[in-house]
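The next block is my_file37.txt, given as compact mmCIF, C-alpha atoms and all ligand atoms.
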# COMPACT_ATOMS: atom_id res chain seq x y z
CA MET A 11 -13.14 11.83 -32.98
CA ASN A 12 -10.84 10.82 -35.82
CA LEU A 13 -9.86 7.22 -35.11
CA VAL A 14 -7.50 5.25 -37.31
CA PRO A 15 -9.96 2.95 -39.17
CA GLU A 16 -7.82 -0.18 -38.71
CA THR A 17 -7.94 0.28 -34.92
CA VAL A 18 -11.74 0.44 -35.05
CA ALA A 19 -11.85 -2.76 -37.10
CA LEU A 20 -9.52 -4.38 -34.59
CA ALA A 21 -11.50 -3.22 -31.53
CA PRO A 22 -13.43 -6.49 -30.89
CA GLU A 23 -10.13 -8.37 -30.90
CA LEU A 24 -8.58 -5.77 -28.58
CA VAL A 25 -11.43 -6.31 -26.13
CA ARG A 26 -10.75 -10.07 -26.16
CA TRP A 27 -7.02 -9.52 -25.51
CA ARG A 28 -7.77 -7.06 -22.73
CA HIS A 29 -10.23 -9.39 -21.01
CA HIS A 30 -7.78 -12.27 -21.24
CA LEU A 31 -5.03 -10.14 -19.66
CA HIS A 32 -7.44 -8.83 -17.03
CA ALA A 33 -8.45 -12.36 -16.02
CA HIS A 34 -4.80 -13.46 -15.72
CA PRO A 35 -2.98 -10.69 -13.85
CA GLU A 36 0.67 -11.07 -12.83
CA THR A 37 2.62 -8.82 -10.47
CA ALA A 38 6.10 -7.25 -10.55
CA PHE A 39 8.78 -9.22 -12.42
CA GLU A 40 6.52 -12.29 -12.56
CA GLU A 41 4.68 -11.27 -15.75
CA ARG A 42 5.80 -14.42 -17.58
CA ALA A 43 2.50 -15.44 -19.19
CA THR A 44 1.74 -11.79 -19.98
CA ALA A 45 5.16 -11.32 -21.60
CA ALA A 46 4.69 -14.54 -23.60
CA PHE A 47 1.25 -13.33 -24.76
CA VAL A 48 2.79 -10.04 -25.89
CA ALA A 49 5.84 -11.63 -27.56
CA GLU A 50 3.69 -14.12 -29.45
CA ARG A 51 1.46 -11.42 -30.88
CA LEU A 52 4.33 -9.09 -31.79
CA ALA A 53 5.98 -11.95 -33.68
CA SER A 54 2.71 -12.73 -35.48
CA PHE A 55 2.64 -9.10 -36.75
CA GLY A 56 6.09 -9.68 -38.25
CA LEU A 57 8.03 -7.66 -35.67
CA GLU A 58 11.48 -8.49 -34.37
CA VAL A 59 10.93 -9.54 -30.72
CA HIS A 60 13.37 -9.24 -27.82
CA THR A 61 12.52 -10.81 -24.47
CA GLY A 62 14.29 -10.98 -21.12
CA LEU A 63 15.17 -7.32 -20.63
CA ALA A 64 14.54 -6.63 -16.91
CA GLY A 65 13.48 -10.26 -16.64
CA THR A 66 10.00 -10.17 -18.09
CA GLY A 67 10.28 -7.07 -20.29
CA VAL A 68 9.57 -7.33 -24.01
CA VAL A 69 10.63 -5.04 -26.87
CA GLY A 70 9.12 -5.34 -30.33
CA VAL A 71 10.93 -3.63 -33.20
CA LEU A 72 9.14 -2.46 -36.36
CA ARG A 73 11.44 -1.22 -39.13
CA VAL A 74 9.98 0.33 -42.26
CA GLY A 75 11.87 2.17 -45.00
CA SER A 76 15.48 3.34 -44.90
CA SER A 77 15.47 6.17 -42.37
CA GLY A 78 17.63 5.76 -39.26
CA ASP A 79 15.12 7.68 -37.20
CA ALA A 80 13.52 5.84 -34.26
CA ILE A 81 11.11 6.43 -31.40
CA GLY A 82 9.90 4.31 -28.48
CA LEU A 83 6.34 3.75 -27.27
CA ARG A 84 5.96 2.21 -23.83
CA ALA A 85 3.30 0.21 -21.98
CA ASP A 86 3.42 -1.56 -18.60
CA LEU A 87 2.62 -5.23 -17.98
CA ASP A 88 2.10 -5.62 -14.25
CA ALA A 89 -0.90 -5.93 -11.94
CA LEU A 90 -1.34 -5.19 -8.23
CA HIS A 91 -1.75 -7.20 -5.03
CA ILE A 92 -5.48 -6.46 -4.69
CA HIS A 93 -8.47 -8.77 -4.28
CA GLU A 94 -10.75 -7.94 -7.21
CA LYS A 95 -14.35 -7.14 -6.33
CA SER A 96 -15.66 -6.11 -9.78
CA GLY A 97 -17.86 -9.19 -10.17
CA LEU A 98 -17.23 -9.03 -13.94
CA PRO A 99 -17.11 -12.14 -16.16
CA HIS A 100 -13.44 -11.37 -16.93
CA ALA A 101 -12.52 -10.69 -13.27
CA SER A 102 -9.15 -11.94 -12.05
CA LYS A 103 -8.73 -15.70 -11.83
CA HIS A 104 -5.55 -15.16 -9.80
CA GLU A 105 -6.48 -14.79 -6.14
CA GLY A 106 -5.09 -11.61 -4.60
CA ARG A 107 -3.83 -10.16 -7.86
CA MET A 108 -5.65 -7.69 -10.05
CA HIS A 109 -5.23 -5.30 -12.99
CA ALA A 110 -6.53 -2.37 -10.95
CA CYS A 111 -4.38 0.24 -12.68
CA GLY A 112 -5.40 -0.53 -16.25
CA HIS A 113 -2.03 -1.86 -17.40
CA ASP A 114 -4.02 -4.60 -19.17
CA GLY A 115 -5.53 -1.81 -21.29
CA HIS A 116 -2.13 -0.14 -21.84
CA THR A 117 -0.59 -3.43 -23.02
CA THR A 118 -3.56 -4.13 -25.31
CA MET A 119 -3.54 -0.65 -26.90
CA LEU A 120 0.18 -0.81 -27.65
CA LEU A 121 -0.19 -4.30 -29.13
CA GLY A 122 -3.06 -3.02 -31.28
CA ALA A 123 -0.92 -0.10 -32.43
CA ALA A 124 1.92 -2.48 -33.31
CA GLN A 125 -0.39 -4.59 -35.44
CA VAL A 126 -1.87 -1.58 -37.25
CA LEU A 127 1.46 0.20 -37.81
CA ALA A 128 2.94 -3.02 -39.20
CA GLN A 129 -0.09 -3.41 -41.47
CA ARG A 130 -0.19 0.21 -42.75
CA LYS A 131 3.59 0.68 -43.17
CA ARG A 132 3.08 4.44 -43.43
CA ILE A 133 6.31 5.28 -41.63
CA ASP A 134 9.93 5.65 -42.62
CA GLY A 135 11.91 4.62 -39.56
CA THR A 136 11.81 2.37 -36.53
CA VAL A 137 9.29 2.05 -33.74
CA HIS A 138 10.36 0.28 -30.55
CA PHE A 139 7.35 -1.10 -28.67
CA ILE A 140 8.48 -1.28 -25.04
CA PHE A 141 6.52 -3.52 -22.65
CA GLN A 142 8.01 -3.02 -19.22
CA PRO A 143 7.51 -5.12 -16.10
CA ALA A 144 6.96 -3.95 -12.53
CA GLU A 145 5.73 -0.39 -12.93
CA GLU A 146 4.09 -0.57 -9.48
CA ASN A 147 6.62 0.01 -6.66
CA GLU A 148 9.47 -2.07 -8.04
CA GLY A 149 10.85 0.23 -10.75
CA GLY A 150 10.86 -2.14 -13.74
CA GLY A 151 11.36 0.91 -15.97
CA ARG A 152 14.56 1.78 -14.09
CA VAL A 153 15.81 -1.80 -14.47
CA MET A 154 15.15 -1.74 -18.22
CA VAL A 155 17.14 1.49 -18.56
CA GLU A 156 19.97 0.06 -16.41
CA GLU A 157 20.03 -3.10 -18.50
CA GLY A 158 20.65 -1.04 -21.63
CA LEU A 159 17.22 -0.39 -23.13
CA PHE A 160 18.38 2.75 -24.94
CA ASP A 161 21.80 1.33 -25.93
CA ARG A 162 20.34 -1.81 -27.44
CA PHE A 163 17.43 0.06 -29.02
CA PRO A 164 18.64 3.56 -29.95
CA MET A 165 15.78 6.07 -30.19
CA ARG A 166 15.49 9.84 -30.18
CA ALA A 167 12.44 10.02 -27.92
CA VAL A 168 10.17 7.84 -25.79
CA TYR A 169 6.46 8.21 -25.12
CA GLY A 170 4.17 6.88 -22.38
CA LEU A 171 0.45 6.90 -21.64
CA HIS A 172 -1.74 6.19 -18.61
CA ASN A 173 -5.51 5.85 -18.48
CA TRP A 174 -7.03 8.42 -16.15
CA PRO A 175 -10.53 7.47 -14.93
CA SER A 176 -11.17 10.82 -13.24
CA ARG A 177 -10.97 12.60 -16.62
CA PRO A 178 -13.73 12.44 -19.28
CA ALA A 179 -13.49 9.60 -21.78
CA GLY A 180 -12.24 10.76 -25.16
CA THR A 181 -9.95 13.45 -23.79
CA PHE A 182 -6.21 13.70 -23.28
CA ALA A 183 -4.19 15.75 -20.79
CA LEU A 184 -0.52 16.60 -21.00
CA ARG A 185 1.92 19.36 -20.18
CA ALA A 186 5.60 20.13 -20.60
CA GLY A 187 7.50 19.90 -17.31
CA PRO A 188 6.52 17.74 -14.34
CA LEU A 189 3.25 15.78 -14.55
CA MET A 190 3.78 13.21 -11.79
CA GLY A 191 5.72 13.56 -8.55
CA ALA A 192 8.96 12.13 -7.22
CA PHE A 193 8.38 9.44 -4.61
CA ASP A 194 10.77 9.08 -1.67
CA ILE A 195 10.45 7.06 1.52
CA PHE A 196 12.02 7.57 4.93
CA GLU A 197 12.54 5.76 8.21
CA ILE A 198 13.51 7.49 11.42
CA VAL A 199 14.69 5.45 14.40
CA ALA A 200 15.00 7.35 17.71
CA THR A 201 16.76 5.51 20.50
CA GLY A 202 16.33 6.78 24.07
CA LYS A 203 16.35 4.79 27.27
CA GLY A 204 13.46 2.65 28.46
CA ALA A 205 12.22 3.11 31.99
CA HIS A 206 9.34 2.49 34.37
CA ALA A 207 6.62 4.89 33.27
CA ALA A 208 6.20 6.10 36.85
CA MET A 209 9.90 6.98 37.02
CA ALA A 210 10.32 8.66 33.67
CA TYR A 211 13.25 10.75 34.98
CA GLU A 212 15.33 7.55 34.96
CA GLY A 213 14.90 7.11 31.20
CA ARG A 214 14.96 9.18 28.02
CA ASP A 215 11.54 8.93 26.47
CA PRO A 216 11.58 8.42 22.66
CA MET A 217 7.80 9.05 22.57
CA LEU A 218 8.64 12.72 23.13
CA PHE A 219 10.89 12.57 20.11
CA ALA A 220 8.00 11.18 18.03
CA SER A 221 5.48 13.76 19.17
CA HIS A 222 7.81 16.68 18.47
CA ALA A 223 9.23 15.28 15.25
CA ILE A 224 5.85 14.63 13.60
CA GLY A 225 4.83 18.23 14.19
CA ALA A 226 8.20 19.73 13.28
CA LEU A 227 8.41 17.78 10.01
CA GLN A 228 5.20 19.49 8.92
CA THR A 229 6.95 22.86 9.12
CA ILE A 230 9.22 21.96 6.18
CA VAL A 231 6.53 22.45 3.57
CA SER A 232 4.90 25.39 5.33
CA ARG A 233 8.08 27.25 6.41
CA ASN A 234 10.96 26.16 4.17
CA LEU A 235 9.46 25.79 0.70
CA HIS A 236 8.50 28.68 -1.54
CA PRO A 237 4.70 28.96 -1.36
CA LEU A 238 4.43 28.20 -5.08
CA ASP A 239 6.65 25.09 -4.87
CA ALA A 240 4.88 21.83 -4.15
CA GLY A 241 5.94 19.22 -1.61
CA VAL A 242 4.34 16.65 0.66
CA VAL A 243 5.79 15.17 3.85
CA SER A 244 3.59 12.43 5.33
CA VAL A 245 4.45 10.42 8.43
CA THR A 246 2.41 7.25 7.92
CA GLN A 247 3.69 4.88 10.62
CA VAL A 248 4.60 5.20 14.31
CA HIS A 249 5.86 2.10 16.06
CA ALA A 250 6.75 2.01 19.77
CA GLY A 251 5.73 0.60 23.09
CA ASP A 252 4.00 -2.55 24.29
CA THR A 253 2.18 -1.77 27.50
CA TRP A 254 0.76 0.88 29.86
CA ASN A 255 3.53 1.37 32.32
CA VAL A 256 6.76 1.04 30.37
CA ILE A 257 8.50 3.83 28.52
CA PRO A 258 9.91 2.15 25.40
CA GLY A 259 13.55 2.45 24.45
CA GLU A 260 12.94 3.13 20.79
CA VAL A 261 10.45 4.64 18.39
CA VAL A 262 10.31 4.13 14.62
CA LEU A 263 8.61 6.62 12.27
CA ARG A 264 8.11 5.94 8.59
CA GLY A 265 6.54 7.86 5.76
CA THR A 266 6.78 9.31 2.29
CA VAL A 267 7.90 12.55 0.64
CA ARG A 268 6.62 13.83 -2.71
CA SER A 269 7.98 16.64 -4.85
CA PHE A 270 8.24 17.82 -8.45
CA THR A 271 11.77 19.26 -8.51
CA ARG A 272 15.22 18.22 -7.33
CA GLU A 273 15.58 21.50 -5.42
CA VAL A 274 12.46 20.83 -3.34
CA GLN A 275 13.50 17.20 -2.80
CA ASP A 276 16.96 18.32 -1.60
CA THR A 277 15.49 20.96 0.69
CA ILE A 278 13.08 18.49 2.29
CA GLU A 279 15.77 15.87 2.91
CA ARG A 280 18.21 18.45 4.29
CA ARG A 281 15.63 19.94 6.65
CA MET A 282 14.50 16.47 7.78
CA ARG A 283 18.06 15.67 8.85
CA THR A 284 18.38 18.93 10.78
CA ILE A 285 15.04 18.40 12.52
CA VAL A 286 15.75 14.77 13.41
CA ASP A 287 19.23 15.58 14.77
CA GLY A 288 17.97 18.68 16.58
CA ILE A 289 15.07 17.00 18.34
CA ALA A 290 17.23 14.02 19.30
CA ALA A 291 19.77 16.42 20.81
CA THR A 292 17.03 18.31 22.63
CA PHE A 293 15.88 15.15 24.38
CA GLU A 294 19.38 13.70 24.84
CA MET A 295 18.95 10.65 22.66
CA THR A 296 20.12 9.48 19.25
CA ALA A 297 18.14 9.29 16.05
CA THR A 298 18.93 8.12 12.54
CA LEU A 299 17.20 9.04 9.30
CA ARG A 300 17.23 6.68 6.34
CA TYR A 301 16.03 8.61 3.31
CA GLU A 302 15.58 6.73 0.05
CA ARG A 303 14.76 8.31 -3.31
CA ARG A 304 12.56 5.79 -5.11
CA TYR A 305 11.03 7.27 -8.31
CA PRO A 306 12.03 10.65 -9.75
CA ALA A 307 9.43 13.14 -10.98
CA THR A 308 7.91 12.41 -14.41
CA VAL A 309 9.06 15.40 -16.45
CA ASN A 310 7.97 15.90 -20.06
CA SER A 311 10.26 17.68 -22.52
CA GLU A 312 9.01 20.66 -24.56
CA ALA A 313 9.33 19.42 -28.15
CA GLU A 314 8.00 15.92 -27.45
CA THR A 315 5.04 17.38 -25.57
CA ARG A 316 4.19 19.36 -28.71
CA HIS A 317 4.46 16.14 -30.75
CA ALA A 318 2.18 14.28 -28.31
CA LEU A 319 -0.29 17.17 -28.41
CA ALA A 320 -0.35 17.07 -32.22
CA ALA A 321 -1.14 13.34 -32.17
CA ALA A 322 -3.78 13.58 -29.43
CA ALA A 323 -5.42 16.57 -31.14
CA ALA A 324 -5.52 14.70 -34.46
CA VAL A 325 -7.41 11.85 -32.77
CA VAL A 326 -9.80 13.53 -30.30
CA GLY A 327 -9.75 17.16 -31.50
CA ARG A 328 -7.75 20.05 -30.04
CA ASP A 329 -10.61 21.08 -27.74
CA SER A 330 -10.50 17.69 -26.06
CA VAL A 331 -6.85 18.02 -25.08
CA ASP A 332 -6.12 19.75 -21.77
CA THR A 333 -2.65 21.28 -22.02
CA ASP A 334 -2.57 22.64 -18.48
CA PRO A 335 -3.69 19.83 -16.16
CA GLN A 336 -2.82 20.10 -12.49
CA PRO A 337 0.13 17.72 -11.96
CA ASN A 338 -0.42 14.77 -9.65
CA MET A 339 1.83 13.80 -6.72
CA ALA A 340 1.45 10.10 -7.38
CA SER A 341 4.49 8.73 -9.18
CA GLU A 342 5.29 6.72 -12.27
CA ASP A 343 8.42 4.80 -13.14
CA PHE A 344 8.30 5.95 -16.78
CA ALA A 345 10.13 8.84 -15.08
CA PHE A 346 13.37 6.80 -15.33
CA MET A 347 12.99 6.58 -19.11
CA LEU A 348 12.31 10.34 -19.27
CA GLN A 349 15.53 10.95 -17.33
CA ALA A 350 17.44 9.11 -20.06
CA LYS A 351 15.55 10.34 -23.14
CA PRO A 352 13.35 13.27 -24.09
CA GLY A 353 9.71 12.29 -24.28
CA CYS A 354 6.17 12.82 -23.13
CA TYR A 355 3.81 11.00 -20.79
CA VAL A 356 0.09 11.71 -21.25
CA TRP A 357 -3.13 10.95 -19.42
CA MET A 358 -5.97 9.53 -21.48
CA GLY A 359 -9.40 10.21 -19.97
CA THR A 360 -11.41 7.00 -19.40
CA GLN A 361 -14.25 8.08 -17.13
CA ARG A 362 -17.53 6.19 -17.57
CA GLY A 363 -19.69 8.28 -15.25
CA PRO A 364 -19.68 9.84 -11.80
CA ASP A 365 -19.16 6.47 -10.07
CA THR A 366 -16.19 5.30 -12.15
CA PRO A 367 -13.89 3.43 -9.72
CA THR A 368 -10.50 5.08 -9.30
CA LEU A 369 -7.12 3.54 -10.12
CA HIS A 370 -6.15 0.85 -7.55
CA ASN A 371 -9.80 0.38 -6.51
CA PRO A 372 -10.89 -3.30 -6.22
CA ARG A 373 -13.84 -2.54 -8.56
CA PHE A 374 -11.69 -0.85 -11.22
CA ASP A 375 -11.93 -2.06 -14.81
CA PHE A 376 -10.29 -0.48 -17.87
CA ASN A 377 -12.76 1.28 -20.15
CA ASP A 378 -12.87 -0.89 -23.29
CA ASP A 379 -14.44 1.92 -25.36
CA MET A 380 -11.06 3.66 -25.16
CA LEU A 381 -8.94 0.83 -26.58
CA ALA A 382 -9.28 2.07 -30.16
CA VAL A 383 -8.71 5.66 -29.00
CA GLY A 384 -5.43 4.81 -27.28
CA ALA A 385 -4.30 2.61 -30.19
CA SER A 386 -5.17 5.43 -32.62
CA TYR A 387 -3.11 7.86 -30.54
CA TRP A 388 -0.06 5.58 -30.75
CA VAL A 389 -0.48 4.95 -34.48
CA THR A 390 -0.96 8.66 -35.20
CA LEU A 391 2.01 9.68 -33.05
CA ALA A 392 4.33 7.17 -34.75
CA GLU A 393 3.12 8.08 -38.25
CA GLN A 394 3.49 11.81 -37.56
CA GLN A 395 6.94 11.44 -36.01
CA LEU A 396 8.30 9.01 -38.59
CA ALA A 397 6.46 10.41 -41.59
CA ALA A 398 7.81 9.16 -44.90
CA ARG A 399 9.26 12.49 -46.09
CA ALA A 400 9.67 13.52 -49.74
CA ARG A 401 13.34 14.03 -50.54
ZN ZN A 501 -0.89 1.95 -10.43
ZN ZN A 502 -0.53 2.41 -13.52
Turn this file's structure into structure tokens for me.
Amino acid sequence: MNLVPETVALAPELVRWRHHLHAHPETAFEERATAAFVAERLASFGLEVHTGLAGTGVVGVLRVGSSGDAIGLRADLDALHIHEKSGLPHASKHEGRMHACGHDGHTTMLLGAAQVLAQRKRIDGTVHFIFQPAEENEGGGRVMVEEGLFDRFPMRAVYGLHNWPSRPAGTFALRAGPLMGAFDIFEIVATGKGAHAAMAYEGRDPMLFASHAIGALQTIVSRNLHPLDAGVVSVTQVHAGDTWNVIPGEVVLRGTVRSFTREVQDTIERRMRTIVDGIAATFEMTATLRYERRYPATVNSEAETRHALAAAAAVVGRDSVDTDPQPNMASEDFAFMLQAKPGCYVWMGTQRGPDTPTLHNPRFDFNDDMLAVGASYWVTLAEQQLAARAR
């Protein structure tokens, strides 16, 4: 391990910041106190601070030297609607809200990096420290991009990081291409004709639609996708009926689709429409499909993945960087930034032992031993990318 010494010296302070943030979690677009905490510290390091982007987003700008080169480093501010059960002294003081995804750690590490980079001044260029709201479900990253993040703060590349408690502490994992999946949702409403259950011939039973559709939708992945392409179709809700002897007039199915490529996503949506229309026609009823593409796949670009690898390897050693991790079908709204700019999103291993709680678990707590590691990664990446070159 080759940590940046200033991050090690700062570690006790980082732990205090992280525990403060953990105890005061705020959810999507309501991260006002968190944003104020971040803005205050960035200003105290001498950075130019911009607030209000996507509501509670914050961007800190560090300019050193005369180069016009710039990169962005991104962390997320938001917590989840979870009742914390960690029992820790710094457990959430906000009932029903919790930093169960480690965004408190992400925010702290990026703040630490900002302080150290500002102190060392070993770059020639600009670093944009991006603190985005609402990573969970609400697409705060998308809103920042739509509100002109990359126009207001021009940069050639953007980098993201997520703690990964199922991977060993002190390791990194990254790959070029997709690392996290695209996340779509759907709702199918089939409308038949209600009837007395004993006289089913007088109605058109939408329960039949549901039973056939759930099975048929599972054939998309098994029969329509190339066996080496990945996709998931999950029906997660079925709503219909109120009592024993009445055939309901309507059934509602809802669920989620995951994929890594646009081609697979298009194929799944197209086949879903055919199946829904076909089964509705078979049973002489109508059905509608509402298909909504929420988060795109998180796709790393080639050159920036090499840059991220160089930084991670400099900190934890090349042998501790997995360059071929199996991608994960969960999704990440950093994907919207990667659609607009080349960049790389990495997983930083934070496992404590075999019983480390997973992300979104009510007992989850960010691994404080990794704060200096993550901050060192950011400092190293920025100093490598914006190295003061001899002319
Ligand atoms: Zn999460
Ligand atoms: Zn997260």
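The shell of residues at most 10 Å from Pro188 (chain A), with all atoms listed in the file counted and near chain neighbours (fewer than 5 positions) removed, consists of Ser269, Phe270, Thr271, Ala307, Thr308, Val309, Asn310, Ser311, Gln336, Pro337, Asn338, Met339, Ala345 and Tyr355 of chain A.
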Output of the above residues as a JSON list (two decimals), keeping the file's coordinate frame, restricted to C-alpha atoms:
[["chain", "number", "residue", "atom", "x", "y", "z"],
["A", 269, "SER", "CA", 7.98, 16.64, -4.85],
["A", 270, "PHE", "CA", 8.24, 17.82, -8.45],
["A", 271, "THR", "CA", 11.77, 19.26, -8.51],
["A", 307, "ALA", "CA", 9.43, 13.14, -10.98],
["A", 308, "THR", "CA", 7.91, 12.41, -14.41],
["A", 309, "VAL", "CA", 9.06, 15.40, -16.45],
["A", 310, "ASN", "CA", 7.97, 15.90, -20.06],
["A", 311, "SER", "CA", 10.26, 17.68, -22.52],
["A", 336, "GLN", "CA", -2.82, 20.10, -12.49],
["A", 337, "PRO", "CA", 0.13, 17.72, -11.96],
["A", 338, "ASN", "CA", -0.42, 14.77, -9.65],
["A", 339, "MET", "CA", 1.83, 13.80, -6.72],
["A", 345, "ALA", "CA", 10.13, 8.84, -15.08],
["A", 355, "TYR", "CA", 3.81, 11.00, -20.79]]
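Residues in contact with ligand ZN 501 (chain A) comprise Cys111, Glu146, Leu369 and His370 of chain A, where contact means an atom-to-atom distance of at most 7 Å counting only C-alpha atoms and all ligand atoms.
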Practice item. Name the residues, by chain letter and number, that sit within 8 Å of ligand ZN 502 (chain A) using only C-alpha atoms and all ligand atoms, and give them as number ranges by chain. Key: A: 86, 111-113, 145-146, 172-173, 342, 369
Point to revise | Point-to-point distance in Å for CA of Phe47 (chain A) and CA of Ala321 (chain A) | key: 27.8 Å
Exercise for review: Pick out the closest residue to Thr366 (chain A) from this set: A:Pro175, A:Gly213, A:Gly191, A:Pro258. Count all atoms listed in the file.
Suggested key: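 Counting all atoms listed in the file, the residue closest to Thr366 (chain A) is A:Pro175.
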Would you compute the box with edges along x, y and z of the file around region 63-80 of chain A, including every atom the file lists for it and 8 Å extra on each side, and give its centre and edge lengths in Å to one decimal, as JSON?
{"center_x": 13.4, "center_y": -1.3, "center_z": -30.8, "size_x": 24.5, "size_y": 33.9, "size_z": 44.4}
At a cut-off of 9 Å, can you tabulate as CSV every residue of region 81-157 of chain A near region 54-60 of chain A together with its closest atom pair and the distance in Å to one decimal, using only C-alpha atoms and ordering rows by chain then number?
residue,atom,partner,partner_atom,distance
A:Ala124,CA,A:Phe55,CA,7.5
A:Gln125,CA,A:Phe55,CA,5.6
A:Val126,CA,A:Phe55,CA,8.8
A:Ala128,CA,A:Phe55,CA,6.6
A:Gln129,CA,A:Phe55,CA,7.9
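In this model, the gap between CA of Val261 (chain A) and CA of Glu294 (chain A) comes to 14.3 Å.
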